[in-house]
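> The structure is given below, and queries will be raised subsequently.
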Amino acid sequence: MSPEPLTPLSDQFGRIHDYLRISLTERCNLRCVYCMPAEGIVLRPKSQFMKTGEVIALATEFVKLGVTKIRLTGGEPLIRNDAKEIMEGLCKLPVQLAVSTNGILIDKFLETFKNCNIHSINVSLDSLKEDRFNAVTRRNDFNKIISNIGLLLKDEFHLKLNAVIMKGVNDDELIDFIEFTKDRNIHYRFIEFMPFNGNKWDWNKGLSYKAMMEIIMLAYNKKVVKLKDKKTDTAKAFQIDGYKGTFAIISSVTNPFCDGCNRLRLTADGKIKNCLFSNNETDLLTPLREGKDVLNLIRESVWHKKRVRGGMETFEDFSAPELNQLNRNMISIGG
Ligand code: SAM
Ligand code: SF4
């Protein structure tokens, strides 16, 4: 069966895809333990990756098919020399533009964000303790990132902080993270540790949504207010009564949110991935360079998206290394 022509980007389950995450690079100035393999990744020649104009050209094709929101991610998107030009090109498209970053270079991009109408910034912050944060990221940038988060707050950006919650690493900080939202307009998101190639995934290291909620309920009890989630939200959102900020849990491992999924990914080497967990990719960059049409390739890829987590429907499938290790490592997918 093939997709209907000239309909929104729908798959066989009727899910409409209007949100594209573009990875700008596989490189990063941090080495987070859950994302980047300890030995690093093999760097490939630049020619294999999208150039400035190619990012914009492929994004334009997705917009023709109904994409209305684009988030730039990576690797670390802001380390690309042409990150400013890419943002300036993309913000001419009729899309809501957003950025996920580790925060190190934010001060250099504040003006670009403002000029390009980029209001929504996601920053990874896995610990509020300097030593611990630097150990998780295998670098020493904690103070720079905290100072840059301050700049975003001062300028009233819509700020989400992300923490991958791991047992014995930062699970004792859940309440500290929530207290960080008390007087700050921050949405803190706690992510279940997910398996990707090379990240030595072991669910014994992860903390489930249920376990996180038990800790949170014990501390706050009736003060925990459930917020309304949109169908396409990947997180379940809450607020502590009276707090300025909010928090949420992303439970991709124990409770996937695939029913309302509206996301597509474009990797830095120009491949469309119809699901974060799928190892099925379609090359768009080569046909683009050959002057061929990519619209149908995009449609076909979306149409064949699996119902749940790239076909890994059960927790057993998802935990099986022979299945979950077929995918790329996170740094080269674009989270
Ligand atoms: N460098 C940027 C950053 O750190 O936000 C953008 C890319 S990063 C791959 C995007 C998100 O993926 C981060 O919030 C990170 O915490 C999350 N992530 C990476 N590996 C993960 C894993 N194994 N499990 C859960 N989340 C992960
Ligand atoms: Fe880099 Fe982000 Fe991955 Fe950390 S999570 S290694 S900052 S891409």
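Note on naming: chains are A, B, ... as they come in the structure tokens, residues start from 1 per chain, ligands start from 1 in the order shown.
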For Lys129 (chain A), please output as a PyMOL selection string all residues within 9 Å (counting only C-alpha atoms; exclusion window: fewer than 4 positions along the same chain).
chain A and resi 133-134+142
> How would you report the residues lying within 7 Å of ligand 1, as JSON, numbers by chain, if you count only C-alpha atoms and all ligand atoms?
{"A": [28, 34, 35, 73, 74, 75, 76, 77, 100, 101, 102, 122, 123, 124, 162, 163, 164, 191, 192, 193, 194, 195, 196, 199, 330, 331, 334, 335]}
> Output C-alpha atoms for every residue in the selection just made, as a short mmCIF file (atom, residue, chain, number, x, y, z; two decimals), in the first residue's frame.

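Below you can see out_37.cif, which holds the result:
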```cif
data_model
loop_
_atom_site.label_atom_id
_atom_site.label_comp_id
_atom_site.auth_asym_id
_atom_site.auth_seq_id
_atom_site.Cartn_x
_atom_site.Cartn_y
_atom_site.Cartn_z
CA CYS A 28 29.60 17.67 20.45
CA TYR A 34 24.28 8.10 28.25
CA CYS A 35 24.65 9.64 24.79
CA THR A 73 19.39 19.46 17.63
CA GLY A 74 22.44 17.21 17.34
CA GLY A 75 25.10 16.45 18.65
CA GLU A 76 25.48 20.03 19.71
CA PRO A 77 23.81 22.19 17.01
CA SER A 100 17.92 21.89 21.82
CA THR A 101 21.39 22.61 23.14
CA ASN A 102 23.75 21.72 25.95
CA ASN A 122 15.75 23.09 25.59
CA VAL A 123 18.92 22.71 27.66
CA SER A 124 20.30 19.48 29.16
CA ASN A 162 16.22 17.97 30.47
CA ALA A 163 17.72 15.44 32.87
CA VAL A 164 18.19 11.76 32.08
CA ILE A 191 13.76 11.38 30.95
CA GLU A 192 13.88 7.60 31.38
CA PHE A 193 17.30 6.27 30.32
CA MET A 194 16.88 4.94 26.76
CA PRO A 195 18.93 2.32 24.88
CA PHE A 196 21.05 3.39 21.91
CA ASN A 199 25.61 3.62 25.56
CA MET A 330 22.08 8.95 20.12
CA ILE A 331 24.76 11.48 19.20
CA GLY A 334 19.86 13.78 16.94
CA GLY A 335 17.82 13.60 20.14
#
```
> List the neighbours of Ala248 (chain A) out to 6 Å using only C-alpha atoms; skip same-chain residues closer than 3 positions along the sequence, and give me the result as a list in words.
Arg189, Ala235, Lys236, Ala237 and Phe238 of chain A
> My list of candidates is A:Pro37, A:Gly260, A:Gly150, A:Gly245. Which is closest to ligand 2 when distances are computed with only C-alpha atoms and all ligand atoms?
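Result for the nearest residue to ligand 2: A:Pro37.
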> Mind listing the strand (DSSP E or B) residues of region 203-252 of chain A, per DSSP on the backbone, as a ChimeraX atom specification?
/A:206,224-226,236-240,246-250
> Please dump the current selection as a PDB file, in the first residue's frame; keep N, CA, C and O atoms.

```
ATOM      1  N   GLY A 206      18.357   2.514  35.027  1.00  0.00           N
ATOM      2  CA  GLY A 206      17.314   3.515  34.766  1.00  0.00           C
ATOM      3  C   GLY A 206      16.327   3.632  35.915  1.00  0.00           C
ATOM      4  O   GLY A 206      16.253   2.771  36.796  1.00  0.00           O
ATOM      5  N   VAL A 224       1.012  17.971  44.512  1.00  0.00           N
ATOM      6  CA  VAL A 224       1.322  17.658  43.110  1.00  0.00           C
ATOM      7  C   VAL A 224       0.052  17.832  42.266  1.00  0.00           C
ATOM      8  O   VAL A 224      -0.959  17.184  42.501  1.00  0.00           O
ATOM      9  N   VAL A 225       0.129  18.739  41.290  1.00  0.00           N
ATOM     10  CA  VAL A 225      -1.033  19.004  40.438  1.00  0.00           C
ATOM     11  C   VAL A 225      -0.742  18.441  39.053  1.00  0.00           C
ATOM     12  O   VAL A 225       0.296  18.751  38.468  1.00  0.00           O
ATOM     13  N   LYS A 226      -1.667  17.597  38.535  1.00  0.00           N
ATOM     14  CA  LYS A 226      -1.475  17.068  37.167  1.00  0.00           C
ATOM     15  C   LYS A 226      -1.897  18.144  36.170  1.00  0.00           C
ATOM     16  O   LYS A 226      -2.970  18.708  36.273  1.00  0.00           O
ATOM     17  N   LYS A 236       4.521  13.606  30.510  1.00  0.00           N
ATOM     18  CA  LYS A 236       3.366  13.836  31.378  1.00  0.00           C
ATOM     19  C   LYS A 236       3.746  14.958  32.340  1.00  0.00           C
ATOM     20  O   LYS A 236       4.720  14.841  33.076  1.00  0.00           O
ATOM     21  N   ALA A 237       2.957  16.034  32.302  1.00  0.00           N
ATOM     22  CA  ALA A 237       3.368  17.261  32.995  1.00  0.00           C
ATOM     23  C   ALA A 237       2.657  17.459  34.329  1.00  0.00           C
ATOM     24  O   ALA A 237       1.479  17.099  34.490  1.00  0.00           O
ATOM     25  N   PHE A 238       3.394  18.043  35.267  1.00  0.00           N
ATOM     26  CA  PHE A 238       2.885  18.307  36.618  1.00  0.00           C
ATOM     27  C   PHE A 238       3.399  19.659  37.095  1.00  0.00           C
ATOM     28  O   PHE A 238       4.319  20.242  36.535  1.00  0.00           O
ATOM     29  N   GLN A 239       2.797  20.100  38.205  1.00  0.00           N
ATOM     30  CA  GLN A 239       3.289  21.314  38.863  1.00  0.00           C
ATOM     31  C   GLN A 239       3.089  21.127  40.369  1.00  0.00           C
ATOM     32  O   GLN A 239       2.137  20.474  40.788  1.00  0.00           O
ATOM     33  N   ILE A 240       3.980  21.709  41.119  1.00  0.00           N
ATOM     34  CA  ILE A 240       3.756  21.732  42.575  1.00  0.00           C
ATOM     35  C   ILE A 240       2.946  22.990  42.861  1.00  0.00           C
ATOM     36  O   ILE A 240       3.307  24.082  42.382  1.00  0.00           O
ATOM     37  N   THR A 246       7.196  24.218  36.156  1.00  0.00           N
ATOM     38  CA  THR A 246       6.496  22.935  36.088  1.00  0.00           C
ATOM     39  C   THR A 246       7.530  21.831  35.861  1.00  0.00           C
ATOM     40  O   THR A 246       8.707  22.111  35.631  1.00  0.00           O
ATOM     41  N   PHE A 247       7.074  20.576  35.908  1.00  0.00           N
ATOM     42  CA  PHE A 247       7.990  19.486  35.573  1.00  0.00           C
ATOM     43  C   PHE A 247       7.222  18.391  34.841  1.00  0.00           C
ATOM     44  O   PHE A 247       5.977  18.391  34.825  1.00  0.00           O
ATOM     45  N   ALA A 248       7.961  17.482  34.215  1.00  0.00           N
ATOM     46  CA  ALA A 248       7.292  16.419  33.456  1.00  0.00           C
ATOM     47  C   ALA A 248       8.204  15.203  33.394  1.00  0.00           C
ATOM     48  O   ALA A 248       9.409  15.305  33.640  1.00  0.00           O
ATOM     49  N   ILE A 249       7.597  14.064  33.078  1.00  0.00           N
ATOM     50  CA  ILE A 249       8.384  12.832  32.945  1.00  0.00           C
ATOM     51  C   ILE A 249       8.189  12.271  31.539  1.00  0.00           C
ATOM     52  O   ILE A 249       7.065  12.189  31.051  1.00  0.00           O
ATOM     53  N   ILE A 250       9.311  11.934  30.908  1.00  0.00           N
ATOM     54  CA  ILE A 250       9.269  11.329  29.572  1.00  0.00           C
ATOM     55  C   ILE A 250       9.554   9.837  29.747  1.00  0.00           C
ATOM     56  O   ILE A 250      10.669   9.441  30.097  1.00  0.00           O
TER      57      ILE A 250
END
```
> Closest to ligand 2 among A:Val136, A:Leu151, A:Leu65, A:Met166, using only C-alpha atoms and all ligand atoms?
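Going through A:Val136, A:Leu151, A:Leu65, A:Met166 one by one, the smallest distance to ligand 2 is for A:Val136.
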> Between A:Lys273, A:His187, A:Arg27, A:Lys200, single out the one closest to ligand 2, counting only C-alpha atoms and all ligand atoms.
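For ligand 2, the nearest of the candidates is A:Arg27.
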> Any idea what's packed within 9 Å of Lys92 (chain A), counting only C-alpha atoms, ignoring anything in its chain fewer than 4 positions away? Could you give it as an MDAnalysis selection string?
chainID A and resid 87:88 116
> Residues at most 6 Å from region 274-288 of chain A, counting only C-alpha atoms, excluding those fewer than 4 positions away in the same chain, as a count of residues only?
8
> Using only C-alpha atoms, pick whichever of A:Asp11, A:Val253, A:Val42, A:Tyr220 has the shortest atom-to-atom distance to Met312 (chain A).
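Checking each candidate against Met312 (chain A), we get A:Val253 as the closest.
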> From the set A:Leu30, A:Leu43, A:Ala135, A:Leu24, which residue has the shortest atom-to-atom contact distance to ligand 2, counting only C-alpha atoms and all ligand atoms?
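With only C-alpha atoms and all ligand atoms as the atom set, the closest residue is A:Leu30.
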> Env of Thr52 (chain A): 7 Å cut, atoms = only C-alpha atoms, seq-sep filter 4 positions within chain, self excluded. Answer as number ranges by chain.
A: 56, 82, 86
> Create the file for the chosen residues now, containing all heavy atoms and written as a JSON list (two decimals), in the first residue's frame.

```
[["chain", "number", "residue", "atom", "x", "y", "z"],
["A", 56, "ILE", "N", 18.56, 23.88, 4.52],
["A", 56, "ILE", "CA", 17.40, 24.75, 4.25],
["A", 56, "ILE", "C", 16.54, 24.15, 3.13],
["A", 56, "ILE", "O", 15.31, 24.12, 3.22],
["A", 56, "ILE", "CB", 17.87, 26.19, 3.95],
["A", 56, "ILE", "CG1", 18.53, 26.75, 5.21],
["A", 56, "ILE", "CG2", 16.70, 27.08, 3.50],
["A", 56, "ILE", "CD1", 19.43, 27.93, 5.00],
["A", 82, "ASP", "N", 28.24, 27.45, 10.77],
["A", 82, "ASP", "CA", 27.17, 28.13, 10.04],
["A", 82, "ASP", "C", 25.83, 28.06, 10.78],
["A", 82, "ASP", "O", 24.77, 28.23, 10.16],
["A", 82, "ASP", "CB", 27.03, 27.54, 8.63],
["A", 82, "ASP", "CG", 26.73, 26.03, 8.68],
["A", 82, "ASP", "OD1", 26.76, 25.46, 9.78],
["A", 82, "ASP", "OD2", 26.47, 25.45, 7.62],
["A", 86, "ILE", "N", 22.15, 29.06, 9.26],
["A", 86, "ILE", "CA", 21.07, 28.06, 9.14],
["A", 86, "ILE", "C", 19.81, 28.60, 9.83],
["A", 86, "ILE", "O", 18.71, 28.55, 9.27],
["A", 86, "ILE", "CB", 21.51, 26.71, 9.76],
["A", 86, "ILE", "CG1", 22.57, 26.07, 8.86],
["A", 86, "ILE", "CG2", 20.31, 25.78, 9.92],
["A", 86, "ILE", "CD1", 23.18, 24.79, 9.42]]
```
> One decimal, Å: what's the distance from CA of Ser23 (chain A) over to atom 5 (S, counted along the ligand's line) of ligand 2, could you say?
12.3 Å
> As an exercise, work out the distance from CA of Gly103 (chain A) to CA of Thr137 (chain A) in Å and give it to one decimal place.
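It comes out at 12.3 Å.
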